[in-house]
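Asks: This is upload04.tsv (TSV, C-alpha atoms and all ligand atoms).
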chain	number	residue	atom	x	y	z
A	624	MET	CA	-10.43	-33.20	10.72
A	625	ILE	CA	-10.79	-35.52	13.64
A	626	ILE	CA	-8.91	-34.06	16.55
A	627	ARG	CA	-7.93	-34.46	20.16
A	628	ILE	CA	-6.60	-32.17	22.84
A	629	TYR	CA	-3.48	-33.02	24.76
A	630	ASN	CA	-3.95	-31.30	28.08
A	631	VAL	CA	-0.40	-31.67	29.25
A	632	LEU	CA	1.02	-30.14	26.12
A	633	LEU	CA	-1.53	-27.41	26.19
A	634	PHE	CA	-0.59	-26.62	29.76
A	635	SER	CA	3.10	-26.39	28.98
A	636	ALA	CA	2.28	-24.28	25.95
A	637	ALA	CA	0.20	-21.95	28.11
A	638	VAL	CA	2.96	-21.67	30.69
A	639	TYR	CA	5.45	-20.74	28.05
A	640	VAL	CA	3.27	-18.06	26.58
A	641	LYS	CA	2.35	-16.66	29.96
A	642	THR	CA	5.91	-16.40	31.17
A	643	GLY	CA	7.45	-15.61	27.80
A	644	LYS	CA	10.60	-17.39	29.00
A	645	PRO	CA	12.86	-19.59	26.89
A	646	PHE	CA	12.11	-23.27	26.71
A	647	ALA	CA	11.77	-25.17	29.94
A	648	ASN	CA	14.76	-27.37	29.17
A	649	GLY	CA	17.00	-24.34	29.31
A	650	ARG	CA	18.06	-24.32	25.68
A	651	GLN	CA	18.70	-20.89	24.26
A	652	HIS	CA	16.89	-19.55	21.22
A	653	ILE	CA	19.19	-19.56	18.23
A	654	VAL	CA	18.14	-17.30	15.41
A	655	PHE	CA	19.37	-18.29	12.00
A	656	LYS	CA	19.39	-16.34	8.80
A	657	ALA	CA	18.27	-18.35	5.76
A	658	HIS	CA	21.83	-19.23	4.59
A	659	GLU	CA	22.83	-20.19	8.12
A	660	TYR	CA	19.73	-22.37	8.33
A	661	GLU	CA	20.83	-24.31	5.26
A	662	ARG	CA	24.28	-24.83	6.80
A	663	ASN	CA	22.70	-25.86	10.08
A	664	ARG	CA	20.45	-28.37	8.35
A	665	LYS	CA	23.52	-30.13	7.00
A	666	MET	CA	25.24	-30.33	10.40
A	667	SER	CA	25.26	-33.78	11.94
A	668	LEU	CA	23.81	-32.63	15.31
A	669	PRO	CA	20.06	-32.07	15.00
A	670	ASN	CA	19.20	-28.51	15.87
A	671	GLN	CA	15.44	-28.22	15.97
A	672	THR	CA	15.54	-24.79	17.59
A	673	GLY	CA	17.03	-23.08	14.55
A	674	LYS	CA	14.69	-24.83	12.18
A	675	HIS	CA	11.69	-23.93	14.30
A	676	ARG	CA	12.69	-20.28	14.55
A	677	LEU	CA	12.84	-20.12	10.79
A	678	GLN	CA	9.40	-21.73	10.57
A	679	ALA	CA	8.08	-19.20	13.09
A	680	ASP	CA	9.37	-16.34	10.92
A	681	MET	CA	7.86	-17.84	7.79
A	682	LEU	CA	4.51	-18.36	9.49
A	683	ALA	CA	4.48	-14.86	10.96
A	684	ASN	CA	5.23	-13.31	7.53
A	685	ARG	CA	2.54	-15.35	5.81
A	686	VAL	CA	-0.08	-14.57	8.46
A	687	LYS	CA	0.73	-10.86	8.44
A	688	LYS	CA	0.24	-10.68	4.66
A	689	ARG	CA	-3.07	-12.52	4.87
A	690	TYR	CA	-4.25	-10.29	7.71
A	691	GLN	CA	-3.47	-7.17	5.70
A	692	HIS	CA	-5.27	-8.68	2.71
A	693	PHE	CA	-8.52	-9.41	4.59
A	694	LYS	CA	-8.61	-6.92	7.45
A	695	LYS	CA	-10.29	-3.88	5.89
A	696	ARG	CA	-12.72	-5.83	3.75
A	697	TYR	CA	-13.88	-8.05	6.60
A	698	GLU	CA	-14.10	-5.08	8.96
A	699	LYS	CA	-16.52	-3.42	6.55
A	700	LEU	CA	-18.61	-6.62	6.45
A	701	HIS	CA	-18.56	-6.82	10.28
A	702	LEU	CA	-16.81	-10.18	10.23
A	703	ASP	CA	-14.83	-10.47	13.45
A	704	VAL	CA	-13.83	-14.09	12.81
A	705	PHE	CA	-11.76	-15.28	9.87
A	706	ARG	CA	-8.98	-17.69	8.97
A	707	LEU	CA	-5.41	-16.57	8.40
A	708	TYR	CA	-3.54	-19.83	7.82
A	709	ASP	CA	-4.31	-23.53	7.53
A	710	TRP	CA	-1.26	-25.76	6.99
A	711	ASP	CA	-0.48	-23.87	3.75
A	712	ILE	CA	3.25	-24.60	4.07
A	713	PRO	CA	3.66	-28.40	4.39
A	714	GLU	CA	6.25	-28.34	7.19
A	715	ILE	CA	4.30	-25.77	9.24
A	716	ARG	CA	1.38	-27.82	10.52
A	717	ALA	CA	-0.53	-24.93	12.07
A	718	VAL	CA	-3.92	-23.29	11.83
A	719	VAL	CA	-4.34	-19.61	12.72
A	720	ASP	CA	-7.68	-17.88	13.21
A	721	TRP	CA	-8.46	-14.24	13.93
A	722	TYR	CA	-11.14	-13.53	16.53
A	723	GLY	CA	-11.59	-9.76	16.77
A	724	GLY	CA	-8.23	-8.95	18.37
A	725	HIS	CA	-7.57	-12.49	19.65
A	726	LEU	CA	-5.55	-15.19	17.93
A	727	VAL	CA	-6.25	-18.90	18.11
A	728	VAL	CA	-3.21	-20.85	16.96
A	729	GLY	CA	-3.49	-24.62	16.63
A	730	GLU	CA	-1.04	-27.36	15.87
A	731	TYR	CA	-1.92	-30.50	13.96
A	732	LEU	CA	0.10	-32.73	16.23
A	733	ARG	CA	2.39	-35.47	15.04
A	734	LEU	CA	4.80	-37.78	16.84
A	735	GLN	CA	7.84	-35.65	16.05
A	736	SER	CA	6.31	-32.55	17.66
A	737	THR	CA	8.04	-30.91	20.58
A	738	PRO	CA	6.22	-28.99	23.33
A	739	GLU	CA	8.05	-25.80	22.38
A	740	TRP	CA	6.90	-25.70	18.77
A	741	LEU	CA	3.38	-24.35	19.21
A	742	PRO	CA	4.23	-21.58	21.71
A	743	LEU	CA	7.04	-20.48	19.43
A	744	MET	CA	4.70	-20.25	16.42
A	745	GLY	CA	1.98	-18.55	18.46
A	746	GLN	CA	4.30	-15.97	19.90
A	747	ALA	CA	5.78	-15.12	16.48
A	748	VAL	CA	2.33	-14.63	14.97
A	749	ALA	CA	1.12	-12.55	17.92
A	750	LYS	CA	4.17	-10.32	17.64
A	751	ALA	CA	3.67	-9.85	13.89
A	752	LEU	CA	0.04	-8.78	14.38
A	753	GLU	CA	0.76	-6.81	17.58
A	754	VAL	CA	-1.61	-8.97	19.60
A	755	PRO	CA	-0.87	-9.05	23.35
A	756	LEU	CA	0.08	-12.49	24.68
A	757	GLU	CA	-2.99	-12.65	26.91
A	758	ASN	CA	-5.05	-12.67	23.68
A	759	LEU	CA	-3.13	-15.64	22.27
A	760	HIS	CA	-4.87	-19.03	22.63
A	761	LEU	CA	-3.00	-22.22	21.79
A	762	LYS	CA	-4.64	-25.52	20.88
A	763	ILE	CA	-3.27	-28.91	20.02
A	764	ARG	CA	-5.16	-30.92	17.44
A	765	LYS	CA	-4.58	-34.60	16.79
A	766	ALA	CA	-5.77	-36.61	13.81
A	767	GLY	CA	-7.16	-40.09	14.12
A	768	MET	CA	-9.17	-39.78	17.34
A	769	GLN	CA	-12.90	-39.97	17.77
A	770	GLU	CA	-14.85	-36.86	16.88
A	771	GLY	CA	-16.65	-36.89	20.25
A	772	ARG	CA	-13.42	-35.90	21.99
A	773	ARG	CA	-13.43	-32.69	20.03
A	774	TYR	CA	-16.34	-31.40	22.10
A	775	GLU	CA	-14.83	-32.33	25.46
A	776	ARG	CA	-13.91	-29.59	27.86
A	777	ILE	CA	-10.21	-28.73	28.19
A	778	SER	CA	-10.52	-25.84	30.63
A	779	HIS	CA	-13.10	-24.18	32.86
A	780	THR	CA	-12.75	-20.45	32.40
A	781	ASN	CA	-16.40	-20.12	31.25
A	782	GLN	CA	-15.39	-16.87	29.60
A	783	LYS	CA	-17.50	-16.04	26.59
A	784	ILE	CA	-17.17	-12.98	24.44
A	785	ALA	CA	-19.57	-11.84	21.74
A	786	MET	CA	-18.20	-11.54	18.22
A	787	ALA	CA	-19.91	-10.13	15.16
A	788	GLU	CA	-20.77	-11.98	12.00
A	789	ARG	CA	-22.49	-9.39	9.80
A	790	ASP	CA	-25.42	-7.97	11.80
A	791	LEU	CA	-25.52	-10.95	14.17
A	792	GLN	CA	-23.49	-11.67	17.30
A	793	PHE	CA	-22.29	-15.01	18.62
A	794	TYR	CA	-20.79	-16.02	21.94
A	795	ILE	CA	-17.27	-17.38	21.54
A	796	ASN	CA	-15.32	-19.35	24.13
A	797	LEU	CA	-11.64	-19.21	23.26
A	798	ASN	CA	-10.28	-21.36	26.06
A	799	ASP	CA	-12.51	-24.17	27.22
A	800	TYR	CA	-12.92	-26.37	24.11
A	801	VAL	CA	-10.96	-27.10	20.94
A	802	ASP	CA	-13.70	-25.43	18.92
A	803	THR	CA	-14.75	-21.94	19.89
A	804	GLY	CA	-18.51	-21.99	19.23
A	805	LEU	CA	-18.56	-20.66	15.68
A	806	PHE	CA	-17.59	-22.51	12.51
A	807	SER	CA	-16.75	-19.52	10.39
A	808	ASP	CA	-16.27	-21.57	7.18
A	809	HIS	CA	-20.07	-21.85	6.99
A	810	ARG	CA	-20.83	-18.14	7.22
A	811	ASP	CA	-21.90	-17.98	3.56
A	812	THR	CA	-24.03	-21.13	3.87
A	813	ARG	CA	-25.75	-19.45	6.82
A	814	MET	CA	-26.46	-16.43	4.63
A	815	ARG	CA	-28.03	-18.70	2.00
A	816	VAL	CA	-30.30	-20.19	4.66
A	817	ARG	CA	-31.28	-16.76	5.93
A	818	GLU	CA	-32.20	-15.57	2.43
A	819	GLN	CA	-34.60	-18.48	2.04
A	820	ALA	CA	-36.04	-18.54	5.54
A	821	ALA	CA	-38.88	-15.98	5.44
A	822	GLY	CA	-42.11	-17.62	6.62
A	823	LYS	CA	-40.48	-21.09	6.56
A	824	ARG	CA	-40.37	-23.94	9.05
A	825	PHE	CA	-36.68	-24.60	9.72
A	826	LEU	CA	-34.97	-27.67	11.19
A	827	ASN	CA	-31.35	-27.59	12.44
A	828	LEU	CA	-29.90	-31.02	13.30
A	829	TYR	CA	-26.61	-31.24	15.22
A	830	CYS	CA	-27.17	-27.56	15.86
A	831	TYR	CA	-24.08	-27.00	18.12
A	832	THR	CA	-24.31	-23.32	19.18
A	833	GLY	CA	-27.25	-22.53	16.89
A	834	SER	CA	-25.57	-20.19	14.43
A	835	PHE	CA	-27.69	-21.54	11.53
A	836	THR	CA	-30.77	-21.20	13.74
A	837	CYS	CA	-30.01	-17.54	14.46
A	838	TYR	CA	-29.63	-16.83	10.74
A	839	ALA	CA	-32.89	-18.60	9.89
A	840	ALA	CA	-34.68	-16.76	12.70
A	841	LYS	CA	-33.22	-13.44	11.59
A	842	GLY	CA	-34.43	-14.24	8.06
A	843	GLY	CA	-37.99	-14.50	9.34
A	844	ALA	CA	-38.52	-18.26	9.78
A	845	SER	CA	-41.99	-18.93	11.22
A	846	LEU	CA	-40.59	-21.80	13.32
A	847	THR	CA	-37.13	-23.10	14.10
A	848	VAL	CA	-36.36	-26.47	15.70
A	849	SER	CA	-32.77	-27.03	16.88
A	850	VAL	CA	-31.60	-30.47	17.99
A	851	ASP	CA	-28.35	-31.40	19.72
A	852	ARG	CA	-27.59	-34.07	22.28
A	853	SER	CA	-25.31	-31.79	24.29
A	854	GLU	CA	-26.80	-29.74	27.11
A	855	THR	CA	-23.99	-27.21	26.69
A	856	ALA	CA	-24.79	-26.81	23.00
A	857	ILE	CA	-28.50	-26.30	23.64
A	858	GLN	CA	-27.83	-23.69	26.35
A	859	TRP	CA	-25.32	-21.97	24.05
A	860	THR	CA	-27.94	-21.89	21.27
A	861	LYS	CA	-30.44	-20.33	23.69
A	862	ASP	CA	-27.87	-17.71	24.71
A	863	ASN	CA	-27.06	-16.90	21.07
A	864	LEU	CA	-30.75	-16.49	20.23
A	865	GLU	CA	-31.17	-14.16	23.21
A	866	LEU	CA	-28.06	-12.22	22.32
A	867	ASN	CA	-29.67	-11.44	18.97
A	868	GLY	CA	-33.10	-10.64	20.39
A	869	LEU	CA	-34.52	-13.86	18.89
A	870	SER	CA	-35.69	-15.71	21.98
A	871	ALA	CA	-39.36	-16.00	21.11
A	872	ALA	CA	-41.44	-19.13	21.63
A	873	GLU	CA	-41.28	-20.14	17.96
A	874	HIS	CA	-37.66	-21.26	18.46
A	875	ILE	CA	-37.82	-24.79	19.86
A	876	LEU	CA	-34.67	-26.29	21.41
A	877	ILE	CA	-34.46	-30.07	21.84
A	878	GLN	CA	-31.68	-31.82	23.71
A	879	LYS	CA	-31.73	-35.25	22.15
A	880	ASP	CA	-29.74	-37.67	20.05
A	881	THR	CA	-30.56	-36.91	16.41
A	882	LEU	CA	-31.31	-40.54	15.61
A	883	ASP	CA	-33.77	-40.71	18.52
A	884	PHE	CA	-35.38	-37.46	17.39
A	885	LEU	CA	-35.75	-38.81	13.85
A	886	ALA	CA	-37.09	-42.17	15.03
A	887	ALA	CA	-39.93	-40.54	16.99
A	888	PRO	CA	-40.38	-36.91	15.93
A	889	ARG	CA	-42.74	-34.72	17.93
A	890	PRO	CA	-46.04	-34.00	16.15
A	891	ASP	CA	-45.15	-30.27	16.01
A	892	CYS	CA	-41.73	-31.06	14.50
A	893	ARG	CA	-42.73	-32.10	10.99
A	894	ASP	CA	-43.47	-30.51	7.61
A	895	PHE	CA	-40.28	-28.49	7.40
A	896	ASP	CA	-39.52	-26.27	4.39
A	897	LEU	CA	-35.83	-25.83	5.14
A	898	ALA	CA	-33.25	-27.92	7.04
A	899	VAL	CA	-29.55	-27.97	7.86
A	900	VAL	CA	-27.87	-31.28	8.66
A	901	ASP	CA	-24.21	-30.90	9.64
A	902	PRO	CA	-23.22	-34.03	11.57
A	903	PRO	CA	-19.89	-35.07	13.07
A	904	SER	CA	-17.99	-37.79	11.21
A	905	TYR	CA	-18.50	-40.23	14.04
A	906	SER	CA	-20.74	-40.23	17.07
A	907	THR	CA	-21.35	-42.52	20.02
A	908	THR	CA	-24.12	-42.45	22.57
A	909	LYS	CA	-23.59	-42.72	26.32
A	910	THR	CA	-26.70	-44.74	27.05
A	911	LYS	CA	-26.70	-47.20	24.19
A	912	ASP	CA	-24.10	-49.13	22.30
A	913	VAL	CA	-25.09	-47.36	19.10
A	914	HIS	CA	-22.46	-45.76	16.90
A	915	PHE	CA	-23.09	-43.40	14.05
A	916	ASP	CA	-20.51	-43.50	11.27
A	917	LEU	CA	-21.31	-40.80	8.74
A	918	ALA	CA	-19.52	-42.54	5.86
A	919	THR	CA	-21.84	-45.55	5.98
A	920	ASP	CA	-24.90	-44.33	7.91
A	921	HIS	CA	-25.76	-41.04	6.19
A	922	PRO	CA	-28.33	-42.41	3.68
A	923	LYS	CA	-30.52	-43.89	6.41
A	924	MET	CA	-30.31	-40.71	8.50
A	925	LEU	CA	-30.94	-38.37	5.56
A	926	ASN	CA	-33.90	-40.40	4.30
A	927	ARG	CA	-35.47	-39.96	7.72
A	928	VAL	CA	-34.87	-36.21	7.49
A	929	PHE	CA	-36.50	-36.13	4.03
A	930	ALA	CA	-39.59	-37.81	5.52
A	931	LEU	CA	-40.01	-34.79	7.83
A	932	MET	CA	-39.87	-32.30	4.96
A	933	LYS	CA	-42.67	-30.86	2.85
A	934	LYS	CA	-42.60	-31.75	-0.85
A	935	GLY	CA	-40.22	-29.25	-2.48
A	936	GLY	CA	-38.49	-28.57	0.84
A	937	ARG	CA	-34.76	-27.96	0.85
A	938	VAL	CA	-32.07	-29.68	2.91
A	939	TYR	CA	-28.52	-28.40	3.27
A	940	PHE	CA	-26.29	-31.32	4.14
A	941	SER	CA	-22.67	-30.68	5.02
A	942	THR	CA	-19.66	-32.49	6.39
A	943	ASN	CA	-16.03	-31.72	7.12
A	944	HIS	CA	-15.18	-35.43	6.92
A	945	GLN	CA	-12.22	-35.58	4.53
A	946	ASN	CA	-12.72	-37.99	1.59
A	947	PHE	CA	-16.45	-38.26	2.29
A	948	GLU	CA	-18.48	-39.70	-0.59
A	949	LEU	CA	-22.19	-39.04	-0.81
A	950	LYS	CA	-24.14	-42.23	-1.55
A	951	SER	CA	-26.63	-40.39	-3.73
A	952	ARG	CA	-28.09	-43.59	-5.19
A	953	ASP	CA	-29.28	-44.61	-1.73
A	954	LEU	CA	-31.10	-41.33	-1.15
A	955	ALA	CA	-34.86	-41.08	-1.72
A	956	VAL	CA	-34.49	-37.84	-3.72
A	957	THR	CA	-33.33	-36.92	-7.23
A	958	ASP	CA	-32.42	-33.24	-7.03
A	959	ILE	CA	-28.98	-33.07	-5.40
A	960	GLN	CA	-26.64	-30.16	-6.14
A	961	ASP	CA	-23.06	-30.05	-4.92
A	962	ILE	CA	-22.66	-26.43	-3.77
A	963	THR	CA	-19.34	-26.87	-1.99
A	964	ASP	CA	-17.49	-24.25	-4.05
A	965	LEU	CA	-20.26	-21.70	-3.54
A	966	THR	CA	-20.14	-22.09	0.24
A	967	ILE	CA	-16.41	-21.82	0.98
A	968	PRO	CA	-15.39	-18.23	1.78
A	969	GLU	CA	-12.13	-16.87	0.36
A	970	ASP	CA	-10.21	-17.12	3.62
A	971	TYR	CA	-10.98	-20.87	3.82
A	972	ARG	CA	-10.02	-21.73	0.24
A	973	SER	CA	-6.85	-23.78	0.13
A	974	LYS	CA	-5.17	-25.87	-2.52
A	975	GLY	CA	-4.39	-28.70	-0.16
A	976	LYS	CA	-7.70	-29.44	1.48
A	977	GLN	CA	-11.41	-28.76	1.38
A	978	ILE	CA	-12.69	-27.37	4.65
A	979	HIS	CA	-16.16	-28.83	4.09
A	980	GLN	CA	-18.44	-30.31	1.47
A	981	CYS	CA	-22.02	-29.15	1.08
A	982	TRP	CA	-25.07	-30.24	-0.91
A	983	GLU	CA	-28.40	-28.57	-1.59
A	984	ILE	CA	-31.03	-31.28	-1.77
A	985	THR	CA	-34.62	-30.66	-2.87
A	986	VAL	CA	-37.12	-33.17	-1.58
A	1001	LIG	C1	-20.01	-30.51	13.55
A	1001	LIG	S1	-20.87	-29.84	14.95
A	1001	LIG	C2	-22.21	-29.14	14.17
A	1001	LIG	C3	-21.89	-27.75	13.71
A	1001	LIG	C4	-23.09	-26.86	13.52
A	1001	LIG	N1	-23.92	-27.35	12.47
A	1001	LIG	C5	-22.65	-25.43	13.24
A	1001	LIG	O1	-22.69	-25.03	12.09
A	1001	LIG	O2	-22.25	-24.73	14.15
A	1001	LIG	C6	-21.40	-31.27	15.73
A	1001	LIG	C7	-22.47	-31.13	16.85
A	1001	LIG	O3	-23.13	-32.38	16.84
A	1001	LIG	C8	-23.49	-32.72	18.16
A	1001	LIG	N2	-23.72	-34.18	18.16
A	1001	LIG	C9	-22.79	-35.16	18.06
A	1001	LIG	N3	-23.41	-36.36	18.02
A	1001	LIG	C10	-24.73	-36.12	18.10
A	1001	LIG	C11	-25.88	-36.95	18.10
A	1001	LIG	N4	-25.75	-38.27	18.00
A	1001	LIG	N5	-27.10	-36.38	18.17
A	1001	LIG	C12	-27.22	-35.03	18.28
A	1001	LIG	N6	-26.18	-34.18	18.31
A	1001	LIG	C13	-24.94	-34.73	18.21
A	1001	LIG	C14	-22.37	-32.22	19.02
A	1001	LIG	O4	-22.83	-32.05	20.36
A	1001	LIG	C15	-22.01	-30.92	18.31
A	1001	LIG	O5	-22.70	-29.86	18.90
Could you write out this structure as structure tokens?
Replies:
Amino acid sequence: MIIRIYNVLLFSAAVYVKTGKPFANGRQHIVFKAHEYERNRKMSLPNQTGKHRLQADMLANRVKKRYQHFKKRYEKLHLDVFRLYDWDIPEIRAVVDWYGGHLVVGEYLRLQSTPEWLPLMGQAVAKALEVPLENLHLKIRKAGMQEGRRYERISHTNQKIAMAERDLQFYINLNDYVDTGLFSDHRDTRMRVREQAAGKRFLNLYCYTGSFTCYAAKGGASLTVSVDRSETAIQWTKDNLELNGLSAAEHILIQKDTLDFLAAPRPDCRDFDLAVVDPPSYSTTKTKDVHFDLATDHPKMLNRVFALMKKGGRVYFSTNHQNFELKSRDLAVTDIQDITDLTIPEDYRSKGKQIHQCWEITV
């Protein structure tokens, strides 16, 4: 989902949660029972407050059930991060994630949204799970904006906390960006990579915070090369490697545009056995007027990746671009398996939407 932060809304949301006071415009909360809600809906005066309170109750109930369903099992697996809700009820356009005692509650913004909606949902969910308000983090997400905006800073707390994913740890920043540093929907794909990594040369393009790199390194990769154009991402990857005791010289970090890296790869960055390519849907460069549009440009990019692989090497290609279609006929390979269903964990399975698509490609 292509998203954008609205700082002003986020600020007002944060103020509300911090103070816990009724809405800034002075309206009182009106709590409706279900039958009263129906009567209210038919009244000529629009009363969003009642409707929203009912939505907050519905969301809180749903999230509580899901939390109880996953909690013990995920605790045993040492999974601190998992999803509790993603727009499962059409009129409740929220996403709720659990981060080891913290809640991140997002709103998929639309024009009809009001600034009160998200704090109301967040507070209801926090209350249901007995999470203190200082551990509630609200984020506004907007469809239709450029992917690059998703990685822009929205705050400067610089607070990172380590969270467990199995026997690995990852630094999470719950406040400063829309995304927190860990895409938990790929935790099983990471495990797949780790199981195949022993003695292998591993390439991670668009590495972000290096979670795939840490898994490959933990699995015994003889070399890992992680590429991202963002300085923050490369530093974060370094920190995550160190956090897991994996900071040896065989883990190369390259801050570069992927297309530049592929156009002129370093001599020591070839002959890979294993690769992960998980690009954004759309990417621009600051220095050049070059745009990368995944929908049209992926064959050219992937064919360049294949040229860096050993014969028989394996590439995991993934995207969260909705409606993405792989142009398999334009790829210089024949063995392409769609492993999407095998890589989506239970907490991310939803009838309405696919969190990501993923292919295993043998070169
Ligand atoms: C979808 S995330 C990748 C997620 C990552 N694979 C993971 O599992 O955590 C996108 C990343 O691509 C990086 N990026 C965007 N455009 C890029 C480009 N042209 N070259 C290299 N990195 C880029 C961003 O900085 C961001 O870290």
Asks: Could you give me, as a list in words, every polymer residue with an atom at most 6 Å away from an atom of ligand LIG 1001 (chain A), counting only C-alpha atoms and all ligand atoms?
Replies: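 What falls inside 6 Å of ligand LIG 1001 (chain A) is Leu805, Phe806, Tyr829, Cys830, Tyr831, Thr832, Ser834, Asp851, Arg852, Ser853, Ala856, Lys879, Asp880, Thr881, Asp901, Pro902, Pro903 and Ser906 of chain A.
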Asks: Would you pick out the contacts of A:Ala785 at 7 Å or less, using all atoms listed in the file, so that residues sharing its chain but fewer than 4 positions from it are not included, and give the list as an MDAnalysis selection string?
Replies: chainID A and resid 792:795
Asks: Go ahead and write the selection's residues with C-alpha atoms as a compact mmCIF listing (two decimals), in the frame of the given file.
Replies:
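Output file again-v2.txt is given in full below:
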# COMPACT_ATOMS: atom_id res chain seq x y z
CA GLN A 792 -23.49 -11.67 17.30
CA PHE A 793 -22.29 -15.01 18.62
CA TYR A 794 -20.79 -16.02 21.94
CA ILE A 795 -17.27 -17.38 21.54
Asks: I need the residue nearest A:Ala887 from this list: A:Val938, A:Ala747, A:Val928, A:Val686. Use only C-alpha atoms for the distance.
Replies: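 Counting only C-alpha atoms, the residue closest to A:Ala887 is A:Val928.
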Asks: Return the single residue from A:Phe929, A:Phe884, A:Tyr905, A:Tyr731 that is closest to A:Val718, with distances computed using only C-alpha atoms.
Replies: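 Of A:Phe929, A:Phe884, A:Tyr905, A:Tyr731, the one nearest A:Val718 is A:Tyr731, counting only C-alpha atoms.
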Asks: Rounded to one decimal in Å, what is the spacing between atom CA of A:Leu949 and atom CA of A:Gln977?
Replies: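 Rounded to one decimal, the two atoms are 15.1 Å apart.
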Asks: Counting all atoms listed in the file, which residue out of A:Val728, A:Ala844, A:Val986, A:Ile784 sits closest to A:Asp862?
Replies: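 The closest residue to A:Asp862 is A:Ile784.
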Asks: Restricting the calculation to only C-alpha atoms: of A:Thr907, A:Ser870, A:Gln782, A:Thr812, which residue gets closest to A:Ala840?
Replies: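 The answer is A:Ser870, which sits nearest to A:Ala840.
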Asks: Tell me which of A:Ile777, A:Met932, A:Ala839, A:Leu885 sits closest to A:Leu864, counting all atoms listed in the file.
Replies: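 Going through A:Ile777, A:Met932, A:Ala839, A:Leu885 one by one, the smallest distance to A:Leu864 is for A:Ala839.
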Asks: What is the distance, in Å and to one decimal place, between atom CA of A:Ala872 and atom CA of A:Glu788?
Replies: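 Rounded to one decimal, the two atoms are 23.9 Å apart.
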Asks: To one decimal in Å, tell me the separation between atom CA of A:Trp740 and atom CA of A:Val719.
Replies: 14.1 Å
Asks: Which one of A:Ile712, A:Met786, A:Val899, A:Met681 sits closest to A:Val816 if you count all atoms listed in the file?
Replies: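 The shortest atom-to-atom distance to A:Val816 comes from A:Val899.
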Asks: Taking all atoms of stretch 725-735 of chain A that the file lists and extending 3 Å past them on each side, where is the centre of the axis-aligned box and how long are its edges? Answer in Å to one decimal, as JSON.
Replies:
{"center_x": 0.1, "center_y": -25.1, "center_z": 16.8, "size_x": 21.4, "size_y": 31.3, "size_z": 11.7}
